[in-house]
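A.B. asks: This one is target26.txt, compact mmCIF, N, CA and C atoms.
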```
# COMPACT_ATOMS: atom_id res chain seq x y z
N MET A 257 -60.41 147.65 67.16
CA MET A 257 -60.59 146.51 66.29
C MET A 257 -59.38 145.60 66.44
N LYS A 258 -59.63 144.37 66.74
CA LYS A 258 -58.57 143.37 66.83
C LYS A 258 -58.94 142.25 65.87
N THR A 259 -58.33 142.26 64.70
CA THR A 259 -58.63 141.26 63.69
C THR A 259 -57.77 140.04 63.92
N LYS A 260 -58.38 138.90 63.83
CA LYS A 260 -57.65 137.65 63.97
C LYS A 260 -57.34 137.15 62.56
N PHE A 261 -56.08 137.20 62.22
CA PHE A 261 -55.64 136.68 60.94
C PHE A 261 -55.32 135.20 61.10
N ARG A 262 -55.57 134.45 60.05
CA ARG A 262 -55.37 132.99 60.10
C ARG A 262 -53.92 132.60 60.23
N CYS A 263 -53.04 133.36 59.59
CA CYS A 263 -51.61 133.02 59.62
C CYS A 263 -50.82 134.24 59.19
N SER A 264 -49.52 134.09 59.04
CA SER A 264 -48.67 135.22 58.67
C SER A 264 -48.45 135.36 57.17
N CYS A 265 -49.06 134.51 56.37
CA CYS A 265 -48.92 134.58 54.91
C CYS A 265 -49.55 135.88 54.39
N PRO A 266 -48.83 136.67 53.58
CA PRO A 266 -49.38 137.93 53.06
C PRO A 266 -50.64 137.73 52.21
N ILE A 267 -50.69 136.68 51.42
CA ILE A 267 -51.86 136.43 50.58
C ILE A 267 -53.05 136.05 51.44
N THR A 268 -52.86 135.14 52.36
CA THR A 268 -53.95 134.71 53.24
C THR A 268 -54.44 135.89 54.07
N SER A 269 -53.53 136.70 54.58
CA SER A 269 -53.91 137.85 55.40
C SER A 269 -54.71 138.87 54.58
N THR A 270 -54.34 139.07 53.32
CA THR A 270 -55.10 139.96 52.45
C THR A 270 -56.48 139.40 52.17
N VAL A 271 -56.55 138.10 51.92
CA VAL A 271 -57.85 137.46 51.68
C VAL A 271 -58.73 137.57 52.93
N ASP A 272 -58.12 137.54 54.11
CA ASP A 272 -58.89 137.73 55.35
C ASP A 272 -59.60 139.08 55.35
N ILE A 273 -59.06 140.07 54.65
CA ILE A 273 -59.66 141.40 54.61
C ILE A 273 -60.58 141.57 53.40
N ILE A 274 -60.10 141.25 52.20
CA ILE A 274 -60.86 141.56 50.98
C ILE A 274 -61.39 140.33 50.25
N GLY A 275 -61.28 139.16 50.85
CA GLY A 275 -61.61 137.94 50.14
C GLY A 275 -63.02 137.43 50.29
N ASP A 276 -63.88 138.18 50.96
CA ASP A 276 -65.26 137.71 51.08
C ASP A 276 -66.01 138.01 49.78
N LYS A 277 -67.27 137.65 49.77
CA LYS A 277 -68.08 137.77 48.55
C LYS A 277 -68.36 139.22 48.14
N TRP A 278 -68.26 140.18 49.06
CA TRP A 278 -68.75 141.53 48.77
C TRP A 278 -67.71 142.64 48.76
N THR A 279 -66.63 142.50 49.46
CA THR A 279 -65.73 143.64 49.69
C THR A 279 -65.18 144.23 48.39
N LEU A 280 -64.65 143.41 47.50
CA LEU A 280 -64.12 143.95 46.25
C LEU A 280 -65.23 144.49 45.35
N ILE A 281 -66.42 143.95 45.48
CA ILE A 281 -67.57 144.46 44.71
C ILE A 281 -67.85 145.90 45.15
N ILE A 282 -67.84 146.15 46.44
CA ILE A 282 -68.07 147.50 46.95
C ILE A 282 -66.99 148.45 46.44
N VAL A 283 -65.74 148.04 46.53
CA VAL A 283 -64.64 148.88 46.05
C VAL A 283 -64.78 149.11 44.55
N LYS A 284 -65.10 148.07 43.78
CA LYS A 284 -65.31 148.22 42.34
C LYS A 284 -66.42 149.20 42.05
N GLN A 285 -67.52 149.11 42.80
CA GLN A 285 -68.64 150.03 42.59
C GLN A 285 -68.23 151.47 42.87
N MET A 286 -67.40 151.67 43.86
CA MET A 286 -66.94 153.02 44.17
C MET A 286 -66.02 153.55 43.07
N LEU A 287 -65.09 152.73 42.62
CA LEU A 287 -64.11 153.16 41.62
C LEU A 287 -64.70 153.34 40.23
N THR A 288 -65.54 152.43 39.82
CA THR A 288 -65.96 152.44 38.41
C THR A 288 -67.41 152.87 38.19
N GLU A 289 -68.21 152.89 39.25
CA GLU A 289 -69.63 153.24 39.10
C GLU A 289 -70.02 154.50 39.86
N GLY A 290 -69.09 155.06 40.61
CA GLY A 290 -69.35 156.30 41.33
C GLY A 290 -70.29 156.17 42.53
N ARG A 291 -70.44 154.98 43.06
CA ARG A 291 -71.32 154.79 44.22
C ARG A 291 -70.64 155.35 45.46
N LYS A 292 -71.44 156.07 46.27
CA LYS A 292 -70.89 156.77 47.43
C LYS A 292 -71.73 156.63 48.69
N THR A 293 -73.02 156.36 48.54
CA THR A 293 -73.90 156.32 49.70
C THR A 293 -74.45 154.91 49.90
N PHE A 294 -74.95 154.68 51.09
CA PHE A 294 -75.55 153.38 51.41
C PHE A 294 -76.64 153.06 50.38
N LYS A 295 -77.46 154.05 50.08
CA LYS A 295 -78.54 153.86 49.11
C LYS A 295 -77.98 153.49 47.73
N ASP A 296 -76.89 154.13 47.32
CA ASP A 296 -76.26 153.80 46.03
C ASP A 296 -75.92 152.31 45.96
N PHE A 297 -75.33 151.80 47.04
CA PHE A 297 -74.92 150.39 47.05
C PHE A 297 -76.13 149.46 47.07
N ILE A 298 -77.11 149.79 47.86
CA ILE A 298 -78.31 148.95 47.98
C ILE A 298 -79.03 148.84 46.64
N GLU A 299 -79.02 149.91 45.85
CA GLU A 299 -79.74 149.93 44.58
C GLU A 299 -78.97 149.30 43.43
N SER A 300 -77.77 148.80 43.67
CA SER A 300 -76.98 148.21 42.59
C SER A 300 -77.54 146.86 42.18
N GLU A 301 -77.19 146.42 40.97
CA GLU A 301 -77.71 145.14 40.47
C GLU A 301 -77.16 143.94 41.23
N GLU A 302 -76.08 144.12 41.96
CA GLU A 302 -75.53 143.01 42.75
C GLU A 302 -76.42 142.64 43.93
N ALA A 303 -77.27 143.52 44.37
CA ALA A 303 -78.29 143.27 45.40
C ALA A 303 -77.71 142.77 46.72
N ILE A 304 -76.81 143.54 47.27
CA ILE A 304 -76.24 143.21 48.58
C ILE A 304 -77.27 143.50 49.67
N ALA A 305 -77.39 142.59 50.61
CA ALA A 305 -78.31 142.78 51.74
C ALA A 305 -77.81 143.92 52.62
N SER A 306 -78.73 144.67 53.20
CA SER A 306 -78.35 145.85 53.98
C SER A 306 -77.49 145.51 55.19
N ASN A 307 -77.76 144.40 55.86
CA ASN A 307 -76.94 144.04 57.02
C ASN A 307 -75.51 143.69 56.62
N ILE A 308 -75.36 143.03 55.49
CA ILE A 308 -74.03 142.67 55.01
C ILE A 308 -73.30 143.93 54.55
N LEU A 309 -74.00 144.80 53.84
CA LEU A 309 -73.40 146.05 53.40
C LEU A 309 -72.90 146.86 54.59
N SER A 310 -73.73 146.98 55.61
CA SER A 310 -73.32 147.72 56.82
C SER A 310 -72.05 147.14 57.41
N SER A 311 -72.01 145.82 57.51
CA SER A 311 -70.85 145.13 58.07
C SER A 311 -69.60 145.38 57.23
N ARG A 312 -69.72 145.27 55.93
CA ARG A 312 -68.55 145.44 55.04
C ARG A 312 -68.07 146.89 55.03
N LEU A 313 -68.99 147.84 55.03
CA LEU A 313 -68.57 149.24 55.06
C LEU A 313 -67.84 149.55 56.36
N LYS A 314 -68.33 149.03 57.47
CA LYS A 314 -67.67 149.23 58.76
C LYS A 314 -66.27 148.61 58.75
N MET A 315 -66.16 147.40 58.22
CA MET A 315 -64.86 146.73 58.16
C MET A 315 -63.89 147.50 57.26
N LEU A 316 -64.37 147.96 56.09
CA LEU A 316 -63.52 148.73 55.18
C LEU A 316 -63.04 150.02 55.84
N GLU A 317 -63.90 150.62 56.63
CA GLU A 317 -63.51 151.82 57.35
C GLU A 317 -62.47 151.50 58.44
N GLU A 318 -62.67 150.41 59.14
CA GLU A 318 -61.72 150.02 60.19
C GLU A 318 -60.33 149.73 59.63
N PHE A 319 -60.27 149.17 58.44
CA PHE A 319 -58.98 148.89 57.80
C PHE A 319 -58.46 150.07 56.99
N LYS A 320 -59.14 151.21 57.09
CA LYS A 320 -58.75 152.45 56.42
C LYS A 320 -58.68 152.31 54.91
N ILE A 321 -59.60 151.51 54.37
CA ILE A 321 -59.74 151.36 52.93
C ILE A 321 -60.74 152.40 52.41
N ILE A 322 -61.67 152.80 53.26
CA ILE A 322 -62.60 153.87 52.96
C ILE A 322 -62.68 154.82 54.15
N THR A 323 -63.21 156.01 53.89
CA THR A 323 -63.56 156.94 54.95
C THR A 323 -65.05 157.21 54.86
N LYS A 324 -65.61 157.66 55.96
CA LYS A 324 -67.03 157.98 56.02
C LYS A 324 -67.19 159.40 56.54
N GLU A 325 -67.98 160.18 55.81
CA GLU A 325 -68.28 161.54 56.23
C GLU A 325 -69.76 161.80 56.01
N LYS A 326 -70.28 162.80 56.68
CA LYS A 326 -71.67 163.22 56.50
C LYS A 326 -71.74 164.20 55.32
N LEU A 327 -72.84 164.13 54.59
CA LEU A 327 -73.08 165.13 53.55
C LEU A 327 -73.24 166.49 54.22
N PRO A 328 -72.62 167.53 53.68
CA PRO A 328 -72.73 168.85 54.32
C PRO A 328 -74.17 169.35 54.44
N ASP A 329 -75.00 169.07 53.45
CA ASP A 329 -76.36 169.58 53.45
C ASP A 329 -77.39 168.57 53.95
N ASN A 330 -76.94 167.37 54.34
CA ASN A 330 -77.85 166.33 54.83
C ASN A 330 -77.07 165.49 55.84
N LYS A 331 -77.15 165.83 57.09
CA LYS A 331 -76.37 165.16 58.13
C LYS A 331 -76.79 163.72 58.39
N LYS A 332 -77.87 163.26 57.75
CA LYS A 332 -78.31 161.88 57.91
C LYS A 332 -77.62 160.93 56.93
N THR A 333 -77.09 161.48 55.85
CA THR A 333 -76.52 160.65 54.78
C THR A 333 -75.00 160.60 54.89
N ASN A 334 -74.47 159.39 54.91
CA ASN A 334 -73.03 159.20 54.91
C ASN A 334 -72.51 159.09 53.48
N ILE A 335 -71.35 159.66 53.26
CA ILE A 335 -70.65 159.55 51.99
C ILE A 335 -69.39 158.72 52.25
N TYR A 336 -69.22 157.68 51.46
CA TYR A 336 -68.05 156.81 51.59
C TYR A 336 -67.08 157.13 50.46
N THR A 337 -65.82 157.27 50.82
CA THR A 337 -64.77 157.61 49.85
C THR A 337 -63.60 156.65 50.05
N LEU A 338 -63.04 156.20 48.97
CA LEU A 338 -61.86 155.34 49.05
C LEU A 338 -60.64 156.15 49.50
N THR A 339 -59.81 155.54 50.30
CA THR A 339 -58.51 156.10 50.65
C THR A 339 -57.50 155.61 49.61
N ASN A 340 -56.24 156.00 49.78
CA ASN A 340 -55.20 155.48 48.89
C ASN A 340 -55.15 153.96 48.92
N LYS A 341 -55.34 153.39 50.11
CA LYS A 341 -55.36 151.92 50.22
C LYS A 341 -56.45 151.33 49.34
N GLY A 342 -57.62 151.94 49.35
CA GLY A 342 -58.73 151.45 48.54
C GLY A 342 -58.48 151.61 47.06
N VAL A 343 -57.98 152.77 46.68
CA VAL A 343 -57.68 153.04 45.27
C VAL A 343 -56.60 152.07 44.76
N ASP A 344 -55.69 151.70 45.64
CA ASP A 344 -54.62 150.76 45.25
C ASP A 344 -55.14 149.36 44.92
N LEU A 345 -56.42 149.10 45.14
CA LEU A 345 -57.01 147.81 44.75
C LEU A 345 -57.41 147.78 43.27
N MET A 346 -57.33 148.92 42.58
CA MET A 346 -57.76 148.98 41.18
C MET A 346 -57.03 147.98 40.29
N PRO A 347 -55.71 147.80 40.41
CA PRO A 347 -55.05 146.79 39.56
C PRO A 347 -55.60 145.37 39.78
N ILE A 348 -55.98 145.05 41.00
CA ILE A 348 -56.55 143.73 41.29
C ILE A 348 -57.90 143.60 40.59
N ILE A 349 -58.69 144.65 40.63
CA ILE A 349 -60.01 144.63 39.97
C ILE A 349 -59.84 144.48 38.47
N ALA A 350 -58.87 145.18 37.89
CA ALA A 350 -58.62 145.05 36.44
C ALA A 350 -58.19 143.62 36.10
N GLU A 351 -57.30 143.06 36.90
CA GLU A 351 -56.84 141.68 36.66
C GLU A 351 -57.98 140.69 36.78
N LEU A 352 -58.86 140.88 37.75
CA LEU A 352 -60.02 139.99 37.89
C LEU A 352 -60.93 140.08 36.67
N SER A 353 -61.07 141.28 36.11
CA SER A 353 -61.88 141.43 34.89
C SER A 353 -61.29 140.63 33.74
N ILE A 354 -59.99 140.72 33.57
CA ILE A 354 -59.30 140.00 32.49
C ILE A 354 -59.40 138.49 32.73
N TRP A 355 -59.15 138.07 33.96
CA TRP A 355 -59.22 136.65 34.28
C TRP A 355 -60.63 136.11 34.05
N SER A 356 -61.62 136.87 34.46
CA SER A 356 -63.01 136.44 34.28
C SER A 356 -63.35 136.29 32.81
N ASP A 357 -62.95 137.25 32.01
CA ASP A 357 -63.21 137.17 30.57
C ASP A 357 -62.59 135.92 29.97
N LYS A 358 -61.41 135.59 30.43
CA LYS A 358 -60.68 134.44 29.88
C LYS A 358 -61.20 133.10 30.40
N HIS A 359 -61.61 133.04 31.68
CA HIS A 359 -61.89 131.75 32.30
C HIS A 359 -63.33 131.52 32.77
N VAL A 360 -64.12 132.57 32.87
CA VAL A 360 -65.49 132.41 33.37
C VAL A 360 -66.52 132.45 32.24
N ARG A 361 -66.17 133.10 31.14
CA ARG A 361 -67.11 133.29 30.04
C ARG A 361 -67.75 131.98 29.57
N GLU A 362 -66.99 130.90 29.54
CA GLU A 362 -67.55 129.62 29.07
C GLU A 362 -68.67 129.11 29.98
N PHE A 363 -68.69 129.55 31.21
CA PHE A 363 -69.72 129.12 32.17
C PHE A 363 -70.84 130.14 32.34
N HIS A 364 -70.62 131.36 31.84
CA HIS A 364 -71.57 132.46 32.05
C HIS A 364 -71.75 133.21 30.72
N SER A 365 -72.71 132.75 29.95
CA SER A 365 -72.91 133.28 28.60
C SER A 365 -73.33 134.75 28.58
N GLU A 366 -73.86 135.27 29.67
CA GLU A 366 -74.30 136.67 29.72
C GLU A 366 -73.25 137.59 30.35
N LEU A 367 -72.03 137.09 30.54
CA LEU A 367 -70.97 137.90 31.12
C LEU A 367 -70.74 139.14 30.26
N TYR A 368 -70.55 140.27 30.91
CA TYR A 368 -70.36 141.55 30.21
C TYR A 368 -69.27 141.42 29.15
N SER A 369 -69.55 141.97 28.01
CA SER A 369 -68.59 142.04 26.92
C SER A 369 -68.82 143.37 26.22
N GLY A 370 -67.95 144.32 26.44
CA GLY A 370 -68.17 145.63 25.84
C GLY A 370 -66.91 146.45 25.81
N GLU A 371 -67.09 147.73 25.53
CA GLU A 371 -65.97 148.63 25.33
C GLU A 371 -65.04 148.71 26.54
N ALA A 372 -65.61 148.80 27.74
CA ALA A 372 -64.77 148.91 28.94
C ALA A 372 -63.87 147.68 29.10
N LEU A 373 -64.42 146.50 28.86
CA LEU A 373 -63.63 145.29 28.96
C LEU A 373 -62.53 145.26 27.89
N ASP A 374 -62.87 145.69 26.69
CA ASP A 374 -61.86 145.76 25.62
C ASP A 374 -60.72 146.69 26.00
N ILE A 375 -61.05 147.81 26.61
CA ILE A 375 -60.02 148.76 27.04
C ILE A 375 -59.13 148.12 28.10
N VAL A 376 -59.73 147.45 29.07
CA VAL A 376 -58.94 146.79 30.12
C VAL A 376 -57.99 145.77 29.50
N LYS A 377 -58.52 144.96 28.58
CA LYS A 377 -57.70 143.90 27.98
C LYS A 377 -56.59 144.46 27.08
N ASN A 378 -56.86 145.54 26.38
CA ASN A 378 -55.90 146.07 25.40
C ASN A 378 -54.96 147.12 25.97
N ASN A 379 -55.34 147.75 27.07
CA ASN A 379 -54.50 148.78 27.67
C ASN A 379 -54.75 148.81 29.17
N LYS A 380 -54.40 147.72 29.82
CA LYS A 380 -54.69 147.57 31.25
C LYS A 380 -54.10 148.71 32.08
N GLU A 381 -52.84 149.03 31.87
CA GLU A 381 -52.20 150.07 32.68
C GLU A 381 -52.86 151.43 32.45
N GLY A 382 -53.19 151.73 31.19
CA GLY A 382 -53.86 152.99 30.89
C GLY A 382 -55.24 153.04 31.53
N PHE A 383 -55.96 151.93 31.49
CA PHE A 383 -57.29 151.87 32.10
C PHE A 383 -57.20 152.07 33.60
N ILE A 384 -56.25 151.40 34.23
CA ILE A 384 -56.07 151.53 35.68
C ILE A 384 -55.76 152.98 36.03
N GLN A 385 -54.81 153.57 35.32
CA GLN A 385 -54.41 154.95 35.62
C GLN A 385 -55.56 155.93 35.41
N LYS A 386 -56.30 155.79 34.32
CA LYS A 386 -57.42 156.70 34.05
C LYS A 386 -58.52 156.54 35.09
N THR A 387 -58.83 155.30 35.46
CA THR A 387 -59.86 155.08 36.47
C THR A 387 -59.48 155.72 37.79
N ILE A 388 -58.22 155.55 38.19
CA ILE A 388 -57.74 156.15 39.44
C ILE A 388 -57.77 157.67 39.36
N GLU A 389 -57.28 158.22 38.26
CA GLU A 389 -57.29 159.68 38.10
C GLU A 389 -58.71 160.23 38.13
N ASP A 390 -59.63 159.58 37.41
CA ASP A 390 -61.02 160.03 37.39
C ASP A 390 -61.64 159.96 38.78
N TYR A 391 -61.36 158.89 39.50
CA TYR A 391 -61.90 158.74 40.85
C TYR A 391 -61.40 159.87 41.76
N LYS A 392 -60.10 160.08 41.74
CA LYS A 392 -59.52 161.13 42.59
C LYS A 392 -60.05 162.50 42.22
N LEU A 393 -60.16 162.78 40.93
CA LEU A 393 -60.66 164.07 40.49
C LEU A 393 -62.10 164.30 40.97
N GLU A 394 -62.91 163.27 40.91
CA GLU A 394 -64.32 163.37 41.30
C GLU A 394 -64.52 163.38 42.81
N ASN A 395 -63.68 162.69 43.55
CA ASN A 395 -63.95 162.45 44.97
C ASN A 395 -62.99 163.10 45.95
N TRP A 396 -61.82 163.50 45.52
CA TRP A 396 -60.83 164.06 46.46
C TRP A 396 -60.68 165.55 46.20
N LYS A 397 -61.71 166.29 46.48
CA LYS A 397 -61.68 167.74 46.21
C LYS A 397 -61.20 168.51 47.41
```
Would you kindly transcribe this structure into structure tokens?

C.D. replies:
Amino acid sequence: MKTKFRCSCPITSTVDIIGDKWTLIIVKQMLTEGRKTFKDFIESEEAIASNILSSRLKMLEEFKIITKEKLPDNKKTNIYTLTNKGVDLMPIIAELSIWSDKHVREFHSELYSGEALDIVKNNKEGFIQKTIEDYKLENWK
């Protein structure tokens, strides 16, 4: 894989990897919704197209943000797991949740408003740590 980055700016280079419409959604689904298989992602309410999902999963694997393994009892099904690099995106996801609540709600009246968002807003660091710990406990056996 030879990725062409637009420039040497760290922010721009990061956006070149995770700044498309779907990549952080996939990582968020893995961290907070327990999605692990292609079918899990396809069935989500975000409705990602299968060709785009395939492309993003391959890219995430190439950048070592996720790993791919076969299910032990079903060699046809791939299981995707976040690496440390992927898990390290959790603070960004939490910040996006807070930013969205503050700045997007006026434009999107049906934006989620519930207990999880309240926890993020009131104890961001605790939420991030618990989400990471829960993910690792469930997926890194």

A.B. asks: In terms of the shortest atom-to-atom distance over only C-alpha atoms, which of A:Lys324, A:Gly382, A:Trp278, A:Ser365 is closest to Asn307 (chain A)?

C.D. replies: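 Counting only C-alpha atoms, the residue closest to Asn307 (chain A) is A:Trp278.
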
A.B. asks: Which of region 276-361 of chain A end up as strand (DSSP E) when DSSP is run on this backbone - answer as a short mmCIF file (atom, residue, chain, number, x, y, z; two decimals) with N, CA and C atoms, in the frame of the given file?

C.D. replies:
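And here is the file that came out, part.cif:
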```
data_model
loop_
_atom_site.label_atom_id
_atom_site.label_comp_id
_atom_site.auth_asym_id
_atom_site.auth_seq_id
_atom_site.Cartn_x
_atom_site.Cartn_y
_atom_site.Cartn_z
N ILE A 322 -61.67 152.80 53.26
CA ILE A 322 -62.60 153.87 52.96
C ILE A 322 -62.68 154.82 54.15
N THR A 323 -63.21 156.01 53.89
CA THR A 323 -63.56 156.94 54.95
C THR A 323 -65.05 157.21 54.86
N LYS A 324 -65.61 157.66 55.96
CA LYS A 324 -67.03 157.98 56.02
C LYS A 324 -67.19 159.40 56.54
N GLU A 325 -67.98 160.18 55.81
CA GLU A 325 -68.28 161.54 56.23
C GLU A 325 -69.76 161.80 56.01
N LYS A 326 -70.28 162.80 56.68
CA LYS A 326 -71.67 163.22 56.50
C LYS A 326 -71.74 164.20 55.32
N LEU A 327 -72.84 164.13 54.59
CA LEU A 327 -73.08 165.13 53.55
C LEU A 327 -73.24 166.49 54.22
N ASN A 330 -76.94 167.37 54.34
CA ASN A 330 -77.85 166.33 54.83
C ASN A 330 -77.07 165.49 55.84
N LYS A 331 -77.15 165.83 57.09
CA LYS A 331 -76.37 165.16 58.13
C LYS A 331 -76.79 163.72 58.39
N LYS A 332 -77.87 163.26 57.75
CA LYS A 332 -78.31 161.88 57.91
C LYS A 332 -77.62 160.93 56.93
N THR A 333 -77.09 161.48 55.85
CA THR A 333 -76.52 160.65 54.78
C THR A 333 -75.00 160.60 54.89
N ASN A 334 -74.47 159.39 54.91
CA ASN A 334 -73.03 159.20 54.91
C ASN A 334 -72.51 159.09 53.48
N ILE A 335 -71.35 159.66 53.26
CA ILE A 335 -70.65 159.55 51.99
C ILE A 335 -69.39 158.72 52.25
N TYR A 336 -69.22 157.68 51.46
CA TYR A 336 -68.05 156.81 51.59
C TYR A 336 -67.08 157.13 50.46
N THR A 337 -65.82 157.27 50.82
CA THR A 337 -64.77 157.61 49.85
C THR A 337 -63.60 156.65 50.05
N LEU A 338 -63.04 156.20 48.97
CA LEU A 338 -61.86 155.34 49.05
C LEU A 338 -60.64 156.15 49.50
#
```

A.B. asks: In Å, how far is it from CA of Gly342 (chain A) to CA of Gln385 (chain A)?

C.D. replies: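 Computing the Euclidean distance for CA of Gly342 (chain A) and CA of Gln385 (chain A) yields 14.1 Å.
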
A.B. asks: Just the number, please: distance in Å from atom N of Lys341 (chain A) to atom C of Lys320 (chain A), one decimal.

C.D. replies: 5.9 Å

A.B. asks: Within 8 Å of region 372-380 of chain A, counting only C-alpha atoms, which residues show up once you throw out same-chain ones fewer than 6 positions away? Write them as a list in words, please.

C.D. replies: Ala350, Ser353 and Ile354 of chain A

A.B. asks: Quick one: DSSP alpha helix (DSSP H) residues in region 289-358 of chain A, as an mmCIF file with N, CA and C atoms, in the coordinates of the input?

C.D. replies:
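The resulting file, part.cif, is reproduced below:
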```
data_model
loop_
_atom_site.group_PDB
_atom_site.id
_atom_site.type_symbol
_atom_site.label_atom_id
_atom_site.label_comp_id
_atom_site.auth_asym_id
_atom_site.auth_seq_id
_atom_site.Cartn_x
_atom_site.Cartn_y
_atom_site.Cartn_z
ATOM 1 N N GLU A 289 -68.210 152.890 39.250
ATOM 2 C CA GLU A 289 -69.630 153.240 39.100
ATOM 3 C C GLU A 289 -70.020 154.500 39.860
ATOM 4 N N PHE A 294 -74.950 154.680 51.090
ATOM 5 C CA PHE A 294 -75.550 153.380 51.410
ATOM 6 C C PHE A 294 -76.640 153.060 50.380
ATOM 7 N N LYS A 295 -77.460 154.050 50.080
ATOM 8 C CA LYS A 295 -78.540 153.860 49.110
ATOM 9 C C LYS A 295 -77.980 153.490 47.730
ATOM 10 N N ASP A 296 -76.890 154.130 47.320
ATOM 11 C CA ASP A 296 -76.260 153.800 46.030
ATOM 12 C C ASP A 296 -75.920 152.310 45.960
ATOM 13 N N PHE A 297 -75.330 151.800 47.040
ATOM 14 C CA PHE A 297 -74.920 150.390 47.050
ATOM 15 C C PHE A 297 -76.130 149.460 47.070
ATOM 16 N N ILE A 298 -77.110 149.790 47.860
ATOM 17 C CA ILE A 298 -78.310 148.950 47.980
ATOM 18 C C ILE A 298 -79.030 148.840 46.640
ATOM 19 N N SER A 306 -78.730 144.670 53.200
ATOM 20 C CA SER A 306 -78.350 145.850 53.980
ATOM 21 C C SER A 306 -77.490 145.510 55.190
ATOM 22 N N ASN A 307 -77.760 144.400 55.860
ATOM 23 C CA ASN A 307 -76.940 144.040 57.020
ATOM 24 C C ASN A 307 -75.510 143.690 56.620
ATOM 25 N N ILE A 308 -75.360 143.030 55.490
ATOM 26 C CA ILE A 308 -74.030 142.670 55.010
ATOM 27 C C ILE A 308 -73.300 143.930 54.550
ATOM 28 N N LEU A 309 -74.000 144.800 53.840
ATOM 29 C CA LEU A 309 -73.400 146.050 53.400
ATOM 30 C C LEU A 309 -72.900 146.860 54.590
ATOM 31 N N SER A 310 -73.730 146.980 55.610
ATOM 32 C CA SER A 310 -73.320 147.720 56.820
ATOM 33 C C SER A 310 -72.050 147.140 57.410
ATOM 34 N N SER A 311 -72.010 145.820 57.510
ATOM 35 C CA SER A 311 -70.850 145.130 58.070
ATOM 36 C C SER A 311 -69.600 145.380 57.230
ATOM 37 N N ARG A 312 -69.720 145.270 55.930
ATOM 38 C CA ARG A 312 -68.550 145.440 55.040
ATOM 39 C C ARG A 312 -68.070 146.890 55.030
ATOM 40 N N LEU A 313 -68.990 147.840 55.030
ATOM 41 C CA LEU A 313 -68.570 149.240 55.060
ATOM 42 C C LEU A 313 -67.840 149.550 56.360
ATOM 43 N N LYS A 314 -68.330 149.030 57.470
ATOM 44 C CA LYS A 314 -67.670 149.230 58.760
ATOM 45 C C LYS A 314 -66.270 148.610 58.750
ATOM 46 N N MET A 315 -66.160 147.400 58.220
ATOM 47 C CA MET A 315 -64.860 146.730 58.160
ATOM 48 C C MET A 315 -63.890 147.500 57.260
ATOM 49 N N LEU A 316 -64.370 147.960 56.090
ATOM 50 C CA LEU A 316 -63.520 148.730 55.180
ATOM 51 C C LEU A 316 -63.040 150.020 55.840
ATOM 52 N N GLU A 317 -63.900 150.620 56.630
ATOM 53 C CA GLU A 317 -63.510 151.820 57.350
ATOM 54 C C GLU A 317 -62.470 151.500 58.440
ATOM 55 N N GLU A 318 -62.670 150.410 59.140
ATOM 56 C CA GLU A 318 -61.720 150.020 60.190
ATOM 57 C C GLU A 318 -60.330 149.730 59.630
ATOM 58 N N ASN A 340 -56.240 156.000 49.780
ATOM 59 C CA ASN A 340 -55.200 155.480 48.890
ATOM 60 C C ASN A 340 -55.150 153.960 48.920
ATOM 61 N N LYS A 341 -55.340 153.390 50.110
ATOM 62 C CA LYS A 341 -55.360 151.920 50.220
ATOM 63 C C LYS A 341 -56.450 151.330 49.340
ATOM 64 N N GLY A 342 -57.620 151.940 49.350
ATOM 65 C CA GLY A 342 -58.730 151.450 48.540
ATOM 66 C C GLY A 342 -58.480 151.610 47.060
ATOM 67 N N VAL A 343 -57.980 152.770 46.680
ATOM 68 C CA VAL A 343 -57.680 153.040 45.270
ATOM 69 C C VAL A 343 -56.600 152.070 44.760
ATOM 70 N N MET A 346 -57.330 148.920 42.580
ATOM 71 C CA MET A 346 -57.760 148.980 41.180
ATOM 72 C C MET A 346 -57.030 147.980 40.290
ATOM 73 N N PRO A 347 -55.710 147.800 40.410
ATOM 74 C CA PRO A 347 -55.050 146.790 39.560
ATOM 75 C C PRO A 347 -55.600 145.370 39.780
ATOM 76 N N ILE A 348 -55.980 145.050 41.000
ATOM 77 C CA ILE A 348 -56.550 143.730 41.290
ATOM 78 C C ILE A 348 -57.900 143.600 40.590
ATOM 79 N N ILE A 349 -58.690 144.650 40.630
ATOM 80 C CA ILE A 349 -60.010 144.630 39.970
ATOM 81 C C ILE A 349 -59.840 144.480 38.470
ATOM 82 N N ALA A 350 -58.870 145.180 37.890
ATOM 83 C CA ALA A 350 -58.620 145.050 36.440
ATOM 84 C C ALA A 350 -58.190 143.620 36.100
ATOM 85 N N GLU A 351 -57.300 143.060 36.900
ATOM 86 C CA GLU A 351 -56.840 141.680 36.660
ATOM 87 C C GLU A 351 -57.980 140.690 36.780
ATOM 88 N N LEU A 352 -58.860 140.880 37.750
ATOM 89 C CA LEU A 352 -60.020 139.990 37.890
ATOM 90 C C LEU A 352 -60.930 140.080 36.670
ATOM 91 N N SER A 353 -61.070 141.280 36.110
ATOM 92 C CA SER A 353 -61.880 141.430 34.890
ATOM 93 C C SER A 353 -61.290 140.630 33.740
ATOM 94 N N ILE A 354 -59.990 140.720 33.570
ATOM 95 C CA ILE A 354 -59.300 140.000 32.490
ATOM 96 C C ILE A 354 -59.400 138.490 32.730
ATOM 97 N N TRP A 355 -59.150 138.070 33.960
ATOM 98 C CA TRP A 355 -59.220 136.650 34.280
ATOM 99 C C TRP A 355 -60.630 136.110 34.050
ATOM 100 N N SER A 356 -61.620 136.870 34.460
ATOM 101 C CA SER A 356 -63.010 136.440 34.280
ATOM 102 C C SER A 356 -63.350 136.290 32.810
ATOM 103 N N ASP A 357 -62.950 137.250 32.010
ATOM 104 C CA ASP A 357 -63.210 137.170 30.570
ATOM 105 C C ASP A 357 -62.590 135.920 29.970
ATOM 106 N N LYS A 358 -61.410 135.590 30.430
ATOM 107 C CA LYS A 358 -60.680 134.440 29.880
ATOM 108 C C LYS A 358 -61.200 133.100 30.400
#
```

A.B. asks: If I take CA of Leu352 (chain A) and CA of Ile298 (chain A), how far is one from the other in Å, to one decimal?

C.D. replies: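 The value is 22.7 Å.
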